[in-house]
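J.: Structure file query-v5.txt (compact mmCIF, C-alpha atoms) is given on the next line.
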```txt
# COMPACT_ATOMS: atom_id res chain seq x y z
CA MET A 1 -32.72 37.51 7.49
CA LEU A 2 -31.89 35.40 4.47
CA ILE A 3 -28.34 35.39 3.06
CA SER A 4 -27.81 34.78 -0.64
CA ARG A 5 -25.71 31.83 -1.84
CA GLN A 6 -23.19 34.26 -3.31
CA CYS A 7 -22.72 35.98 0.05
CA THR A 8 -22.37 32.60 1.77
CA ARG A 9 -19.61 31.54 -0.62
CA ARG A 10 -17.80 34.84 -0.13
CA LEU A 11 -18.03 34.52 3.64
CA ALA A 12 -16.65 30.96 3.53
CA ALA A 13 -13.75 32.08 1.35
CA ILE A 14 -12.92 34.92 3.77
CA VAL A 15 -13.01 32.55 6.77
CA ALA A 16 -10.76 30.03 5.01
CA ALA A 17 -8.30 32.74 4.02
CA LEU A 18 -8.14 34.06 7.58
CA ALA A 19 -7.64 30.53 8.88
CA LEU A 20 -4.74 29.98 6.52
CA LEU A 21 -3.14 33.26 7.56
CA THR A 22 -3.42 32.42 11.26
CA GLY A 23 -2.19 28.85 10.81
CA LEU A 24 -5.54 27.28 11.78
CA LEU A 25 -5.96 25.42 8.52
CA PRO A 26 -3.18 23.29 6.99
CA VAL A 27 -2.09 24.11 3.47
CA ASP A 28 -3.25 21.64 0.84
CA ARG A 29 0.07 20.11 -0.27
CA ALA A 30 -1.40 17.39 -2.45
CA GLY A 31 -4.01 19.13 -4.55
CA ALA A 32 -7.10 17.07 -5.30
CA GLU A 33 -5.72 14.13 -3.29
CA GLY A 34 -6.44 15.98 -0.04
CA LEU A 35 -4.22 17.23 2.74
CA TYR A 36 -0.83 15.53 2.98
CA PRO A 37 0.48 14.46 5.34
CA ALA A 38 -2.48 14.28 7.70
CA ARG A 39 -0.90 11.62 9.95
CA PRO A 40 2.57 10.19 10.71
CA VAL A 41 4.61 8.86 7.78
CA ARG A 42 6.73 5.70 8.04
CA ILE A 43 10.09 5.42 6.27
CA VAL A 44 11.27 1.82 6.04
CA VAL A 45 15.06 1.45 6.04
CA PRO A 46 16.57 -1.91 4.95
CA PHE A 47 19.60 -1.46 7.22
CA ALA A 48 20.30 -1.65 10.92
CA ALA A 49 20.22 1.46 13.09
CA GLY A 50 23.42 3.47 13.30
CA GLY A 51 24.70 3.10 9.74
CA VAL A 52 25.06 5.79 7.10
CA ALA A 53 21.70 5.06 5.49
CA ASP A 54 19.90 4.99 8.84
CA ILE A 55 21.43 8.25 10.07
CA THR A 56 20.74 9.90 6.71
CA ALA A 57 17.11 8.79 6.89
CA ARG A 58 16.70 10.09 10.44
CA LEU A 59 18.20 13.48 9.68
CA VAL A 60 15.96 13.86 6.62
CA ALA A 61 12.88 12.54 8.45
CA ASP A 62 13.22 15.14 11.21
CA ARG A 63 13.34 17.94 8.71
CA LEU A 64 10.52 16.56 6.57
CA GLY A 65 8.34 16.45 9.67
CA ALA A 66 9.13 20.04 10.54
CA LYS A 67 8.54 21.25 6.98
CA LEU A 68 5.39 19.28 6.18
CA GLY A 69 3.79 19.47 9.60
CA SER A 70 3.52 15.79 10.49
CA ARG A 71 5.83 13.23 12.07
CA PHE A 72 8.10 11.14 9.81
CA TYR A 73 9.56 8.14 11.63
CA ILE A 74 12.05 5.38 10.81
CA GLU A 75 11.38 1.64 10.86
CA ASN A 76 14.50 -0.49 10.44
CA GLN A 77 14.10 -3.82 8.64
CA PRO A 78 17.67 -5.02 7.94
CA GLY A 79 18.78 -8.20 6.20
CA ALA A 80 17.97 -10.39 3.20
CA GLY A 81 19.35 -7.91 0.68
CA GLY A 82 16.61 -5.42 1.52
CA ILE A 83 13.89 -7.80 0.33
CA ALA A 84 11.86 -7.74 3.55
CA ALA A 85 11.85 -3.95 3.68
CA ALA A 86 10.91 -3.68 0.00
CA ARG A 87 8.02 -6.08 0.41
CA THR A 88 6.72 -4.10 3.38
CA VAL A 89 6.61 -0.93 1.32
CA ILE A 90 5.15 -2.26 -1.91
CA SER A 91 2.40 -4.08 0.02
CA ALA A 92 1.36 -0.85 1.75
CA GLN A 93 -1.34 1.47 0.48
CA PRO A 94 0.14 3.80 -2.16
CA ASP A 95 -0.95 6.91 -0.28
CA GLY A 96 2.38 8.39 0.76
CA TYR A 97 2.27 7.17 4.35
CA THR A 98 4.77 4.33 3.85
CA LEU A 99 8.01 5.19 2.10
CA ALA A 100 11.27 3.33 1.48
CA LEU A 101 14.85 4.40 1.69
CA LEU A 102 16.55 2.40 -1.05
CA SER A 103 20.15 2.45 -2.14
CA ASN A 104 22.55 1.36 -4.79
CA GLY A 105 22.22 -2.06 -3.13
CA THR A 106 18.74 -2.37 -4.59
CA ALA A 107 20.19 -2.10 -8.10
CA ILE A 108 22.74 -4.78 -7.20
CA SER A 109 20.07 -7.10 -5.75
CA ALA A 110 18.21 -6.99 -9.05
CA SER A 111 21.10 -8.93 -10.61
CA LEU A 112 22.54 -10.72 -7.58
CA PHE A 113 19.38 -12.69 -6.83
CA LYS A 114 17.95 -15.22 -9.27
CA LYS A 115 14.48 -13.91 -8.59
CA LEU A 116 13.23 -11.04 -6.47
CA PRO A 117 9.67 -10.94 -5.10
CA PHE A 118 9.38 -7.43 -6.48
CA ASP A 119 10.46 -5.36 -9.48
CA PRO A 120 12.54 -2.39 -8.28
CA VAL A 121 11.60 -0.40 -11.37
CA LYS A 122 7.89 -1.18 -11.68
CA ASP A 123 6.90 -1.58 -8.02
CA PHE A 124 8.28 1.72 -6.72
CA ALA A 125 7.58 5.37 -7.48
CA PRO A 126 10.83 7.39 -7.30
CA VAL A 127 10.75 10.52 -5.13
CA SER A 128 14.30 11.91 -4.91
CA THR A 129 17.89 10.98 -4.24
CA LEU A 130 19.13 12.05 -0.80
CA GLY A 131 22.87 11.80 -1.22
CA TYR A 132 25.85 10.14 -2.86
CA PHE A 133 28.99 8.64 -1.37
CA ASP A 134 32.04 6.85 -2.67
CA PHE A 135 34.56 4.39 -1.24
CA LEU A 136 38.13 4.61 -0.07
CA PHE A 137 40.95 2.22 -0.91
CA VAL A 138 43.12 2.10 2.21
CA VAL A 139 46.30 0.37 3.36
CA ARG A 140 48.01 0.18 6.76
CA ALA A 141 49.84 3.33 7.75
CA ASP A 142 53.13 1.43 7.70
CA ALA A 143 52.56 -0.11 4.26
CA PRO A 144 55.24 0.65 1.65
CA PHE A 145 52.63 1.96 -0.82
CA LYS A 146 52.35 5.75 -0.83
CA THR A 147 50.13 5.97 -3.91
CA MET A 148 47.75 3.77 -5.82
CA GLU A 149 50.32 3.61 -8.60
CA ASP A 150 52.74 2.03 -6.08
CA PHE A 151 50.20 -0.65 -5.20
CA ILE A 152 49.39 -1.43 -8.83
CA LYS A 153 53.07 -1.65 -9.75
CA ALA A 154 53.77 -4.06 -6.89
CA GLY A 155 50.67 -6.09 -7.77
CA LYS A 156 51.85 -6.55 -11.36
CA GLN A 157 55.28 -7.61 -10.15
CA SER A 158 53.82 -10.25 -7.81
CA PRO A 159 50.56 -11.62 -9.32
CA GLY A 160 48.24 -13.26 -6.80
CA ARG A 161 50.29 -12.13 -3.82
CA PHE A 162 47.98 -9.44 -2.43
CA ASN A 163 44.76 -9.84 -0.43
CA VAL A 164 42.08 -7.14 -0.62
CA GLY A 165 39.29 -7.12 1.96
CA THR A 166 35.70 -5.94 1.70
CA ILE A 167 32.45 -6.55 3.50
CA ILE A 168 30.03 -9.28 2.35
CA LEU A 169 30.02 -10.93 -1.06
CA GLY A 170 27.89 -8.95 -3.50
CA SER A 171 28.14 -5.67 -1.59
CA THR A 172 29.06 -2.55 -3.53
CA GLN A 173 32.47 -2.62 -1.84
CA ASN A 174 32.98 -6.24 -2.86
CA LEU A 175 32.03 -5.56 -6.48
CA ALA A 176 34.21 -2.44 -6.45
CA ALA A 177 37.20 -4.67 -5.66
CA GLY A 178 36.45 -6.72 -8.77
CA MET A 179 36.10 -3.61 -10.92
CA PHE A 180 39.40 -2.28 -9.56
CA ARG A 181 41.17 -5.57 -10.25
CA THR A 182 39.99 -5.59 -13.87
CA ALA A 183 40.76 -1.92 -14.49
CA ALA A 184 44.23 -2.14 -12.94
CA GLY A 185 45.06 -5.38 -14.75
CA ILE A 186 46.45 -7.03 -11.63
CA ASP A 187 45.68 -10.33 -9.95
CA PHE A 188 44.81 -10.32 -6.25
CA VAL A 189 42.50 -12.24 -3.94
CA VAL A 190 39.28 -10.53 -2.84
CA ILE A 191 38.29 -11.66 0.66
CA PRO A 192 34.76 -10.80 1.86
CA HIS A 193 34.12 -10.32 5.60
CA ARG A 194 30.99 -10.12 7.72
CA GLY A 195 31.42 -6.43 8.40
CA THR A 196 33.77 -3.45 8.54
CA PRO A 197 35.20 -4.28 12.01
CA ASP A 198 36.35 -7.67 10.70
CA VAL A 199 37.90 -6.05 7.62
CA LEU A 200 39.84 -3.56 9.73
CA VAL A 201 41.09 -6.24 12.12
CA SER A 202 42.34 -8.31 9.18
CA LEU A 203 44.02 -5.28 7.63
CA LEU A 204 45.74 -4.13 10.83
CA GLN A 205 46.88 -7.66 11.67
CA GLY A 206 48.56 -7.93 8.29
CA ASN A 207 46.21 -10.48 6.75
CA LEU A 208 45.10 -7.96 4.15
CA ASP A 209 47.13 -5.62 1.99
CA MET A 210 44.25 -3.29 1.20
CA ALA A 211 40.66 -2.67 2.31
CA ILE A 212 37.76 -0.96 0.54
CA ASP A 213 34.94 0.72 2.45
CA SER A 214 33.05 3.98 2.92
CA TYR A 215 34.50 7.03 4.62
CA SER A 216 32.11 6.72 7.55
CA ALA A 217 33.21 3.13 8.18
CA LEU A 218 36.90 4.08 8.04
CA LYS A 219 36.68 7.51 9.66
CA GLY A 220 38.02 6.45 13.07
CA SER A 221 40.98 4.52 11.68
CA LEU A 222 41.86 7.39 9.34
CA ALA A 223 41.69 9.90 12.19
CA ASP A 224 43.87 7.68 14.42
CA GLY A 225 46.45 7.37 11.66
CA LYS A 226 46.13 3.57 11.52
CA VAL A 227 45.33 3.48 7.83
CA ARG A 228 46.17 5.61 4.79
CA ALA A 229 43.86 6.25 1.85
CA LEU A 230 45.41 5.73 -1.59
CA ALA A 231 42.36 6.57 -3.69
CA SER A 232 38.66 7.31 -3.64
CA SER A 233 36.19 5.70 -6.02
CA GLY A 234 33.98 8.60 -7.08
CA PRO A 235 34.06 10.51 -10.37
CA LEU A 236 35.44 13.56 -8.52
CA ARG A 237 37.46 13.99 -5.35
CA SER A 238 35.31 13.71 -2.26
CA LYS A 239 34.56 16.94 -0.39
CA ILE A 240 35.36 15.14 2.86
CA THR A 241 38.74 13.78 1.65
CA PRO A 242 39.84 16.39 -0.90
CA LYS A 243 43.52 15.38 -0.72
CA VAL A 244 42.82 11.79 -1.76
CA PRO A 245 43.02 11.31 -5.56
CA THR A 246 40.35 9.40 -7.43
CA LEU A 247 40.91 6.10 -9.20
CA ARG A 248 40.72 8.00 -12.47
CA GLU A 249 43.48 10.33 -11.34
CA SER A 250 45.47 7.19 -10.58
CA GLY A 251 45.18 6.15 -14.20
CA LEU A 252 42.17 3.83 -14.01
CA GLU A 253 39.07 4.28 -16.16
CA VAL A 254 36.61 3.38 -13.42
CA SER A 255 34.45 5.17 -10.87
CA ILE A 256 32.06 3.77 -8.27
CA GLU A 257 29.49 5.91 -6.51
CA SER A 258 26.74 4.71 -4.22
CA TRP A 259 23.55 6.53 -3.29
CA ASN A 260 20.54 6.63 -0.99
CA ALA A 261 17.12 7.72 -2.19
CA LEU A 262 13.48 7.93 -1.15
CA PHE A 263 10.83 5.88 -2.95
CA ALA A 264 7.09 5.36 -2.51
CA PRO A 265 4.94 2.40 -3.60
CA ALA A 266 3.96 2.46 -7.27
CA GLY A 267 0.61 4.16 -7.74
CA THR A 268 1.25 6.88 -5.16
CA PRO A 269 -0.55 10.04 -6.35
CA PRO A 270 1.70 12.42 -8.31
CA ALA A 271 0.61 15.28 -6.04
CA VAL A 272 1.99 13.43 -3.02
CA ILE A 273 5.25 12.65 -4.85
CA GLY A 274 5.45 16.33 -5.79
CA ALA A 275 4.90 17.47 -2.21
CA LEU A 276 7.65 15.18 -0.94
CA ASN A 277 10.07 16.07 -3.73
CA GLY A 278 9.56 19.79 -3.27
CA ALA A 279 10.19 19.53 0.47
CA LEU A 280 13.29 17.41 -0.07
CA GLN A 281 14.82 19.88 -2.55
CA GLU A 282 14.59 22.59 0.10
CA ILE A 283 15.83 20.37 2.92
CA LEU A 284 18.83 19.00 1.04
CA ALA A 285 19.92 22.54 0.17
CA GLU A 286 20.12 23.56 3.84
CA PRO A 287 23.76 24.26 4.80
CA ALA A 288 23.34 22.66 8.25
CA LEU A 289 22.05 19.38 6.85
CA LYS A 290 24.63 19.35 4.06
CA LYS A 291 27.37 19.64 6.71
CA GLN A 292 25.87 16.90 8.87
CA LEU A 293 25.71 14.53 5.93
CA LEU A 294 29.17 15.50 4.68
CA ASP A 295 30.56 14.52 8.10
CA LEU A 296 29.25 11.03 7.26
CA GLY A 297 30.92 11.17 3.86
CA VAL A 298 27.59 11.80 2.09
CA ASP A 299 27.22 14.52 -0.53
CA ALA A 300 23.62 15.71 -0.11
CA ARG A 301 22.00 15.97 -3.52
CA GLY A 302 18.36 15.81 -4.52
CA SER A 303 16.91 14.88 -7.90
CA THR A 304 13.70 14.84 -9.84
CA PRO A 305 11.69 11.59 -9.79
CA ASP A 306 12.61 11.04 -13.46
CA GLN A 307 16.32 11.48 -12.76
CA LEU A 308 16.14 8.94 -9.94
CA ALA A 309 14.26 6.47 -12.16
CA THR A 310 16.98 6.80 -14.80
CA ARG A 311 19.71 6.33 -12.22
CA LEU A 312 18.09 3.14 -10.90
CA ARG A 313 17.68 1.62 -14.39
CA THR A 314 21.22 2.56 -15.40
CA ASP A 315 22.73 1.09 -12.22
CA ILE A 316 20.80 -2.15 -12.61
CA GLU A 317 22.34 -2.59 -16.07
CA LYS A 318 25.81 -1.61 -14.87
CA TRP A 319 25.88 -3.97 -11.87
CA LYS A 320 24.45 -6.82 -13.92
CA ALA A 321 27.46 -6.59 -16.23
CA VAL A 322 29.85 -6.45 -13.25
CA ILE A 323 28.25 -9.44 -11.53
CA ASP A 324 28.21 -11.49 -14.72
CA ALA A 325 31.86 -10.69 -15.38
CA SER A 326 32.91 -11.48 -11.80
CA GLY A 327 31.44 -14.97 -11.88
CA ILE A 328 29.59 -14.46 -8.59
CA GLU A 329 26.98 -17.16 -8.25
CA LYS A 330 23.47 -15.75 -8.12
CA GLN A 331 21.66 -16.27 -4.86
```
Show me this structure written as structure tokens.

T.:
Amino acid sequence: MLISRQCTRRLAAIVAALALLTGLLPVDRAGAEGLYPARPVRIVVPFAAGGVADITARLVADRLGAKLGSRFYIENQPGAGGIAAARTVISAQPDGYTLALLSNGTAISASLFKKLPFDPVKDFAPVSTLGYFDFLFVVRADAPFKTMEDFIKAGKQSPGRFNVGTIILGSTQNLAAGMFRTAAGIDFVVIPHRGTPDVLVSLLQGNLDMAIDSYSALKGSLADGKVRALASSGPLRSKITPKVPTLRESGLEVSIESWNALFAPAGTPPAVIGALNGALQEILAEPALKKQLLDLGVDARGSTPDQLATRLRTDIEKWKAVIDASGIEKQ
């Protein structure tokens, strides 16, 4: 018995609909570009395992995999100002299967290095921010300064006397020290260290009068009562340290906020970007994930691709002005 073409099409549509209802056929999440993701997705992180960015990426990757039906895994490529990781991603096929976790550090690198082997604006397709975090200005628990105003007053009375420690030269923390010095109108020495452990040792041994770092890096020392936070750098009080006033509340017209975000190589199909962004908006709104990230000092917040693109361009301009004013020699 012959079956008409019309009946054949109807039968195929019924079979496909039943397959979708029973979970036998994956939903087309990328329109005309085909099913996405159809295989594991790599997220390249330009930091070592165990840090805030790495943990953030792993938490998000697990949930992306569960939501989109394919494994998302992390590949750490630390060092060289994130250049190696960036090159890995922009040299990959722009198909959504290699992504990058970039941060505020990428905006800084655009001005800190004389020449980058990539253009952070043109060579990446923004997907969404993942979260924001600020920095704490801390002193030893036995320091005479109870407020930031106390520290600034003492600094003006004794120019050049104080030492303020941060991690490496050109880091957001290091540049934040310079911004603070200018805004407060005081003269102190900024001393960069290899990492947070070195900064804390110097502070606790009395070689530093203040240290600047993220909540996650200082969490243990704060909990043990070894250090006291005088101010936080964000535009608003942090949800994780609500009793700590901001720099603005301390009378300074400055705020510093860092961020982590997901990017794809330029040329990635809009449908793939849309699928990722949509999934991230849902994931970052989950109370459980928001709490996990807040415990790291990260305020989980998504964005549209356009909002992320604007943030990246704005931060590149901002950090260029800070670096030029600080006199840091370009690398």

J.: Enumerate, as a ChimeraX atom specification, the protein, DNA and RNA residues whose atoms approach (21.7, -11.4, -12.8) to within 6 Å, taking into account only C-alpha atoms and the coordinate frame of the file.

T.: /A:111-112,320

J.: Just the number, please: distance in Å from atom CA of A:Ser250 to atom CA of A:Ala231, one decimal.

T.: 7.6 Å

J.: From the options A:Phe47, A:Phe263, A:Phe137, A:Phe180, which residue's atoms come nearest to A:Lys122, counting all atoms listed in the file?

T.: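 Of A:Phe47, A:Phe263, A:Phe137, A:Phe180, the one nearest A:Lys122, counting all atoms listed in the file, is A:Phe263.
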
J.: Compare A:Ala84, A:Leu208, A:Ala184, A:Val272 by their minimum atom-to-atom distance to A:Val45, counting all atoms listed in the file, and give me the closest one.

T.: A:Ala84

J.: A:Leu252, A:Ser216, A:Asp142, A:Pro245: which is nearest A:Ile186, counting only C-alpha atoms?

T.: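 Closest to A:Ile186 of all the choices is A:Leu252.
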